[in-house]
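Peer 1: This is the content of data.txt (compact mmCIF, C-alpha atoms and all ligand atoms):
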# COMPACT_ATOMS: atom_id res chain seq x y z
CA MET T 1 51.79 110.36 114.53
CA GLN T 2 50.15 113.13 112.48
CA ARG T 3 48.05 115.63 114.36
CA ASP T 4 45.39 117.99 113.07
CA MET T 5 46.33 121.37 114.60
CA ALA T 6 42.95 122.99 113.95
CA LYS T 7 41.14 120.13 115.67
CA LEU T 8 43.67 120.12 118.49
CA ARG T 9 43.28 123.88 119.13
CA ALA T 10 39.49 123.58 119.12
CA TYR T 11 39.67 120.58 121.44
CA TYR T 12 41.76 122.58 123.90
CA ALA T 13 39.77 125.82 123.80
CA ASP T 14 38.26 126.98 127.15
CA ALA T 15 41.50 126.40 129.05
CA PRO T 16 41.46 126.63 132.84
CA SER T 17 43.78 129.27 134.32
CA ASP T 18 46.73 127.02 135.20
CA ILE T 19 47.27 125.00 132.02
CA SER T 20 46.90 125.42 128.28
CA LEU T 21 48.08 123.76 125.12
CA ASP T 22 50.86 126.36 124.90
CA ASP T 23 52.43 124.90 128.05
CA ILE T 24 53.57 121.78 126.23
CA ASP T 25 56.08 121.32 123.44
CA LEU T 26 54.41 119.41 120.62
CA SER T 27 57.81 118.52 119.15
CA ARG T 28 58.79 116.56 122.30
CA MET T 29 55.75 114.43 122.92
CA PRO T 30 55.89 111.00 124.52
CA SER T 31 55.41 108.29 121.91
CA HIS T 32 53.70 105.80 124.24
CA VAL T 33 51.55 106.92 127.18
CA SER T 34 50.21 104.30 129.57
CA PHE T 35 47.52 104.57 132.26
CA ILE T 36 46.73 102.80 135.48
CA MET T 37 43.06 103.78 135.75
CA ASP T 38 42.60 103.67 139.51
CA GLY T 39 39.93 105.02 141.83
CA ASN T 40 36.64 104.15 140.13
CA GLY T 41 35.33 102.49 143.30
CA ARG T 42 36.31 105.39 145.56
CA TRP T 43 34.85 107.91 143.12
CA ALA T 44 31.50 106.11 143.35
CA GLN T 45 31.64 105.58 147.10
CA ALA T 46 32.39 109.28 147.66
CA ARG T 47 29.05 109.97 145.92
CA GLY T 48 27.13 107.33 147.82
CA LEU T 49 26.90 105.20 144.69
CA ASP T 50 27.60 101.53 144.08
CA ARG T 51 31.25 100.84 143.12
CA THR T 52 30.15 99.57 139.74
CA ARG T 53 28.82 103.05 138.86
CA GLY T 54 32.43 104.20 139.11
CA HIS T 55 33.43 101.78 136.35
CA VAL T 56 30.62 103.08 134.15
CA ALA T 57 31.88 106.64 134.74
CA GLY T 58 35.42 105.36 134.09
CA VAL T 59 34.44 104.42 130.55
CA ASP T 60 33.73 108.10 129.81
CA SER T 61 37.20 109.05 131.03
CA LEU T 62 38.76 106.34 128.92
CA ARG T 63 36.88 107.53 125.83
CA GLU T 64 38.11 111.08 126.46
CA THR T 65 41.64 109.74 126.97
CA VAL T 66 41.51 107.93 123.62
CA THR T 67 40.31 111.09 121.89
CA THR T 68 42.88 113.27 123.66
CA SER T 69 45.67 110.87 122.68
CA VAL T 70 44.58 110.95 119.05
CA ARG T 71 44.33 114.76 119.05
CA LEU T 72 47.78 115.09 120.63
CA GLY T 73 49.30 112.69 118.10
CA ILE T 74 50.33 110.01 120.59
CA ASP T 75 51.53 106.85 118.81
CA VAL T 76 50.59 104.29 121.44
CA LEU T 77 48.08 104.53 124.26
CA SER T 78 47.81 101.68 126.74
CA ALA T 79 45.58 101.23 129.77
CA TYR T 80 45.22 98.71 132.59
CA ALA T 81 41.57 97.62 132.61
CA PHE T 82 41.63 94.31 134.52
CA SER T 83 44.46 92.54 136.31
CA THR T 84 45.01 88.84 136.92
CA GLU T 85 44.26 89.69 140.59
CA ASN T 86 40.94 91.44 139.85
CA TRP T 87 39.14 88.07 139.63
CA ARG T 88 39.15 88.21 143.46
CA ARG T 89 36.61 91.04 143.41
CA PRO T 90 32.93 90.28 144.15
CA GLN T 91 31.44 88.17 141.33
CA ARG T 92 28.90 90.87 140.58
CA GLU T 93 31.63 93.46 139.98
CA VAL T 94 33.65 91.07 137.81
CA ASN T 95 30.55 90.28 135.74
CA LEU T 96 29.75 93.98 135.33
CA LEU T 97 33.31 94.71 134.18
CA MET T 98 33.31 91.87 131.64
CA HIS T 99 29.96 93.04 130.33
CA LEU T 100 31.20 96.65 130.23
CA PHE T 101 34.31 95.69 128.24
CA ALA T 102 32.20 93.97 125.60
CA THR T 103 29.43 96.57 125.31
CA THR T 104 31.86 99.50 125.38
CA LEU T 105 34.00 98.00 122.68
CA VAL T 106 31.01 97.49 120.36
CA LYS T 107 29.83 101.03 121.08
CA GLU T 108 33.23 102.61 120.55
CA LEU T 109 34.23 100.76 117.38
CA PRO T 110 33.00 103.64 115.18
CA LEU T 111 35.41 105.95 117.04
CA PHE T 112 38.30 103.61 116.22
CA HIS T 113 37.23 103.48 112.58
CA GLN T 114 36.86 107.24 112.39
CA GLU T 115 40.22 107.94 114.04
CA ASN T 116 42.22 105.13 112.38
CA VAL T 117 42.96 103.47 115.75
CA ARG T 118 44.36 99.95 115.83
CA LEU T 119 43.26 97.90 118.79
CA LYS T 120 45.46 95.49 120.70
CA PHE T 121 45.01 93.51 123.90
CA LEU T 122 47.63 92.71 126.50
CA GLY T 123 46.91 89.67 128.67
CA ASP T 124 45.49 86.16 128.66
CA LEU T 125 42.14 86.48 126.92
CA ASP T 126 41.38 82.74 127.07
CA ALA T 127 40.01 83.09 130.60
CA LEU T 128 37.43 85.73 129.61
CA PRO T 129 33.74 84.95 129.02
CA LYS T 130 33.13 83.86 125.43
CA ASP T 131 30.98 86.86 124.44
CA THR T 132 33.65 89.28 125.70
CA ARG T 133 36.35 87.32 123.85
CA ASP T 134 34.28 87.31 120.65
CA VAL T 135 33.77 91.06 120.77
CA PHE T 136 37.50 91.59 121.41
CA GLN T 137 38.30 89.44 118.39
CA ARG T 138 35.88 91.47 116.30
CA GLY T 139 37.62 94.66 117.45
CA LEU T 140 41.01 93.20 116.53
CA ASP T 141 39.82 92.03 113.12
CA GLU T 142 38.10 95.30 112.22
CA THR T 143 41.03 97.55 113.18
CA SER T 144 44.05 95.42 112.24
CA SER T 145 44.84 97.43 109.11
CA TYR T 146 44.71 100.85 110.81
CA ASP T 147 47.98 102.70 111.14
CA GLY T 148 47.07 105.72 113.23
CA MET T 149 47.31 105.35 116.98
CA THR T 150 47.58 101.93 118.62
CA PHE T 151 45.34 101.46 121.64
CA ALA T 152 46.48 98.55 123.80
CA LEU T 153 44.07 97.50 126.54
CA ALA T 154 45.41 95.27 129.31
CA VAL T 155 42.73 92.76 130.31
CA ASN T 156 43.44 89.76 132.54
CA TYR T 157 46.95 91.10 132.53
CA GLY T 158 49.68 90.52 135.12
CA SER T 159 53.28 91.38 134.52
CA ARG T 160 54.79 88.44 136.40
CA ALA T 161 52.57 86.00 134.50
CA GLU T 162 53.56 87.74 131.24
CA ILE T 163 57.29 87.37 132.00
CA ALA T 164 56.83 83.74 133.12
CA ARG T 165 54.98 83.08 129.85
CA ALA T 166 57.85 84.59 127.84
CA ALA T 167 60.29 82.36 129.76
CA ARG T 168 58.10 79.34 128.99
CA LEU T 169 58.01 80.21 125.28
CA ILE T 170 61.80 80.58 125.27
CA ALA T 171 62.24 77.26 127.09
CA GLN T 172 60.03 75.57 124.47
CA ASP T 173 62.11 77.08 121.66
CA VAL T 174 65.32 75.99 123.35
CA SER T 175 64.12 72.43 123.87
CA ALA T 176 62.91 72.29 120.24
CA GLY T 177 66.43 73.31 119.17
CA LYS T 178 65.19 76.61 117.64
CA LEU T 179 67.12 78.75 120.11
CA SER T 180 70.37 78.34 122.02
CA ALA T 181 71.02 79.61 125.56
CA GLU T 182 73.22 82.39 124.12
CA ASP T 183 70.24 83.63 122.07
CA VAL T 184 68.27 84.45 125.21
CA THR T 185 68.78 88.20 125.01
CA VAL T 186 66.72 91.20 126.13
CA ASP T 187 65.21 91.31 122.65
CA ALA T 188 64.39 87.60 122.77
CA VAL T 189 62.38 88.17 125.95
CA ALA T 190 60.77 91.43 124.75
CA SER T 191 59.58 89.80 121.54
CA ARG T 192 57.66 87.20 123.58
CA LEU T 193 55.82 89.70 125.77
CA TYR T 194 52.26 90.81 124.97
CA THR T 195 53.73 94.19 124.04
CA ALA T 196 55.98 92.75 121.30
CA GLY T 197 56.42 95.32 118.55
CA LEU T 198 55.31 98.28 120.71
CA PRO T 199 57.75 100.86 122.06
CA ASP T 200 58.13 100.91 125.86
CA PRO T 201 55.97 103.55 127.57
CA ASP T 202 57.61 106.96 127.87
CA LEU T 203 55.07 108.12 130.41
CA LEU T 204 52.98 106.20 132.93
CA VAL T 205 50.04 108.02 134.50
CA ARG T 206 48.43 106.60 137.61
CA THR T 207 45.29 108.13 139.07
CA SER T 208 44.01 108.22 142.67
CA GLY T 209 47.35 108.87 144.32
CA GLU T 210 48.71 105.37 144.91
CA LEU T 211 52.48 105.08 144.48
CA ARG T 212 52.78 101.54 143.19
CA LEU T 213 52.97 99.60 139.92
CA SER T 214 50.45 96.86 140.82
CA ASN T 215 52.07 94.19 138.63
CA TYR T 216 51.71 96.36 135.52
CA LEU T 217 54.30 96.31 132.69
CA LEU T 218 57.21 95.70 135.10
CA TRP T 219 59.62 94.87 132.27
CA GLN T 220 58.44 97.63 129.93
CA LEU T 221 58.47 100.44 132.54
CA ALA T 222 62.22 100.15 133.21
CA TYR T 223 62.93 103.76 132.09
CA THR T 224 59.43 105.20 132.04
CA GLU T 225 58.65 108.54 133.68
CA ILE T 226 55.87 108.18 136.24
CA TYR T 227 53.18 110.79 136.92
CA VAL T 228 50.73 110.27 139.75
CA THR T 229 47.65 112.44 140.17
CA ASP T 230 45.30 112.40 143.15
CA LEU T 231 42.27 112.62 140.85
CA TYR T 232 40.12 109.49 140.69
CA TRP T 233 40.00 107.97 137.23
CA PRO T 234 36.45 109.20 136.39
CA ASP T 235 37.68 112.75 137.06
CA PHE T 236 40.70 112.42 134.76
CA ASN T 237 40.34 114.62 131.69
CA ARG T 238 42.16 116.30 128.79
CA TRP T 239 43.53 119.03 131.07
CA GLU T 240 45.06 116.63 133.55
CA TYR T 241 46.54 114.80 130.53
CA LEU T 242 48.26 118.10 129.56
CA ARG T 243 49.56 118.51 133.13
CA ALA T 244 51.04 115.01 132.94
CA ILE T 245 52.78 115.83 129.66
CA ARG T 246 54.06 119.13 131.03
CA ALA T 247 55.55 117.24 134.00
CA PHE T 248 57.03 114.65 131.62
CA GLN T 249 58.66 117.35 129.53
CA GLY T 250 60.19 118.86 132.66
CA ARG T 251 62.05 115.66 133.49
CA GLY T 252 65.61 114.87 132.40
CA ARG T 253 65.69 111.34 130.99
CA ARG T 254 69.12 109.72 131.25
CA TYR T 255 68.39 105.99 130.81
CA GLY T 256 71.10 105.19 133.35
CA GLY T 257 73.65 107.46 131.67
CA VAL T 258 74.73 110.96 132.79
C1 LIG F 1 40.29 100.68 139.10
O1 LIG F 1 39.41 101.29 140.03
C2 LIG F 1 39.62 100.34 137.86
C3 LIG F 1 39.40 99.08 137.38
C4 LIG F 1 39.83 97.86 138.07
C5 LIG F 1 38.69 98.84 136.13
C6 LIG F 1 39.05 99.75 134.99
C7 LIG F 1 37.88 99.86 134.13
C8 LIG F 1 37.43 100.98 133.55
C9 LIG F 1 38.13 102.28 133.57
C10 LIG F 1 36.16 101.01 132.85
C11 LIG F 1 35.94 100.06 131.76
C12 LIG F 1 36.99 100.00 130.76
C13 LIG F 1 36.80 99.60 129.48
C14 LIG F 1 37.93 99.24 128.65
C15 LIG F 1 35.46 99.52 128.88
P1 LIG F 1 39.13 100.52 141.38
O2 LIG F 1 37.87 99.76 141.25
O3 LIG F 1 40.32 99.73 141.77
O4 LIG F 1 38.91 101.73 142.33
P2 LIG F 1 39.26 101.79 143.90
O5 LIG F 1 40.76 101.64 143.99
O6 LIG F 1 38.77 103.12 144.28
O7 LIG F 1 38.52 100.66 144.54
Represent the structure from my file as structure tokens, please.

Peer 2:
Amino acid sequence: MQRDMAKLRAYYADAPSDISLDDIDLSRMPSHVSFIMDGNGRWAQARGLDRTRGHVAGVDSLRETVTTSVRLGIDVLSAYAFSTENWRRPQREVNLLMHLFATTLVKELPLFHQENVRLKFLGDLDALPKDTRDVFQRGLDETSSYDGMTFALAVNYGSRAEIARAARLIAQDVSAGKLSAEDVTVDAVASRLYTAGLPDPDLLVRTSGELRLSNYLLWQLAYTEIYVTDLYWPDFNRWEYLRAIRAFQGRGRRYGGV
């Protein structure tokens, strides 16, 4: 994706001592960066606040992450906002999150318009409250023609359910005679995942130090480089994003070869 160097330099002025824009190679950027935004609850608890305040603070980090991705010229940004398992959280927290998704999206639509960002959702949206679903649809409709960065938000997403759904869609096509068993290739599966048409993530960033994938993009992360930071999601910022890219650029990617 195109990047505006003047804007990027200004955005990354005031560098801390250990990292600056010059530490990364802008000609070797990841195309797709994905985030597991973990630690909102712990961030809030550490401040004696209700867990839900952590999610509100998490929105600010996500907004900064969208802006940073645009400034850096990332093609695809994805983020795990709500898993198929998160329904087990207290009803009050689930309600707050659903409300936050809808209100944030409405509030941030001008940013997507301004920055030419196309919105996409990964997951089963049918189970979401109607007002949240309606706002998501509005976001999809209003940004569908944009060809800058793609921002894919995973909501009511679970990787195993996604893969089972792809298998179901394939089985339906096979029984309808549209597909034969020999046609069930890697591409046939990939094209039936929520991420169809998107490149696989090059870099996965997980905050708050946990070393697990939590049922996120299990198929798509096959060759993804993983960066884990101890920072809680509300503390994640443009500088930590640079540190993640610097680490990514220090890795040797072999995709199973030598
Ligand atoms: C993980 O922290 C975070 C979530 C389950 C929700 C992610 C939501 C946001 C970042 C804010 C809203 C996003 C949008 C798109 C408006 P956690 O609650 O699991 O934290 P913990 O592990 O410390 O309990």

Peer 1: Counting only C-alpha atoms and all ligand atoms, what residues are within 6 Å of ligand LIG 1 (chain F), given as a PyMOL selection string?

Peer 2: chain T and resi 37-42+55+58-59+81-82+100-101+104

Peer 1: Write the residues you've just listed into a file as an mmCIF file, keeping the file's coordinate frame, and include C-alpha atoms for each of them.

Peer 2:
data_model
loop_
_atom_site.group_PDB
_atom_site.id
_atom_site.type_symbol
_atom_site.label_atom_id
_atom_site.label_comp_id
_atom_site.auth_asym_id
_atom_site.auth_seq_id
_atom_site.Cartn_x
_atom_site.Cartn_y
_atom_site.Cartn_z
ATOM 1 C CA MET T 37 43.060 103.780 135.750
ATOM 2 C CA ASP T 38 42.600 103.670 139.510
ATOM 3 C CA GLY T 39 39.930 105.020 141.830
ATOM 4 C CA ASN T 40 36.640 104.150 140.130
ATOM 5 C CA GLY T 41 35.330 102.490 143.300
ATOM 6 C CA ARG T 42 36.310 105.390 145.560
ATOM 7 C CA HIS T 55 33.430 101.780 136.350
ATOM 8 C CA GLY T 58 35.420 105.360 134.090
ATOM 9 C CA VAL T 59 34.440 104.420 130.550
ATOM 10 C CA ALA T 81 41.570 97.620 132.610
ATOM 11 C CA PHE T 82 41.630 94.310 134.520
ATOM 12 C CA LEU T 100 31.200 96.650 130.230
ATOM 13 C CA PHE T 101 34.310 95.690 128.240
ATOM 14 C CA THR T 104 31.860 99.500 125.380
#

Peer 1: Considering all atoms listed in the file, return as a VMD selection string whatever protein or nucleic-acid residues lie within 10 Å of stretch 230-243 of chain T, sequence-local ones (same chain, fewer than 6 positions apart) excluded.

Peer 2: chain T and resid 11 to 12 15 to 16 18 to 24 33 35 to 44 54 to 69 72 205 to 210 249

Peer 1: Using all atoms listed in the file, find the one residue out of T:Ala190, T:Arg88, T:Val135, T:Ser144 that sits nearest to T:Lys107.

Peer 2: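 So, comparing all the options, the nearest one is T:Val135.
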
Peer 1: Using all atoms listed in the file, list the residues that have an atom at most 12 Å from (48.1, 116.0, 114.0), coordinates as in the file, as a list of chain:residue names.

Peer 2: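 Here the neighbourhood of the point contains T:Met1, T:Gln2, T:Arg3, T:Asp4, T:Met5, T:Ala6, T:Lys7, T:Leu8, T:Arg9, T:Leu26, T:Ser27, T:Met29, T:Thr68, T:Ser69, T:Val70, T:Arg71, T:Leu72, T:Gly73, T:Ile74, T:Asp75, T:Glu115, T:Gly148, T:Met149.
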
Peer 1: Would you list the contacts of T:Met98 as an MDAnalysis selection string, taking every protein, DNA or RNA residue within 8 Å and counting all atoms listed in the file, but skipping same-chain residues closer than 2 positions in sequence?

Peer 2: chainID T and resid 94:96 100:102 128:129 132

Peer 1: Selected residues, C-alpha atoms, written as a PDB file, keeping the file's coordinate frame, please.

Peer 2:
ATOM      1  CA  VAL T  94      33.650  91.070 137.810  1.00  0.00           C
ATOM      2  CA  ASN T  95      30.550  90.280 135.740  1.00  0.00           C
ATOM      3  CA  LEU T  96      29.750  93.980 135.330  1.00  0.00           C
ATOM      4  CA  LEU T 100      31.200  96.650 130.230  1.00  0.00           C
ATOM      5  CA  PHE T 101      34.310  95.690 128.240  1.00  0.00           C
ATOM      6  CA  ALA T 102      32.200  93.970 125.600  1.00  0.00           C
ATOM      7  CA  LEU T 128      37.430  85.730 129.610  1.00  0.00           C
ATOM      8  CA  PRO T 129      33.740  84.950 129.020  1.00  0.00           C
ATOM      9  CA  THR T 132      33.650  89.280 125.700  1.00  0.00           C
TER      10      THR T 132
END

Peer 1: Record the distance separating atom CA of T:Asn156 and atom CA of T:Leu125, expressed in Å with one decimal.

Peer 2: 6.6 Å

Peer 1: Distance atom CA of T:Asp202-atom CA of T:Tyr223, one decimal place?

Peer 2: 7.5 Å
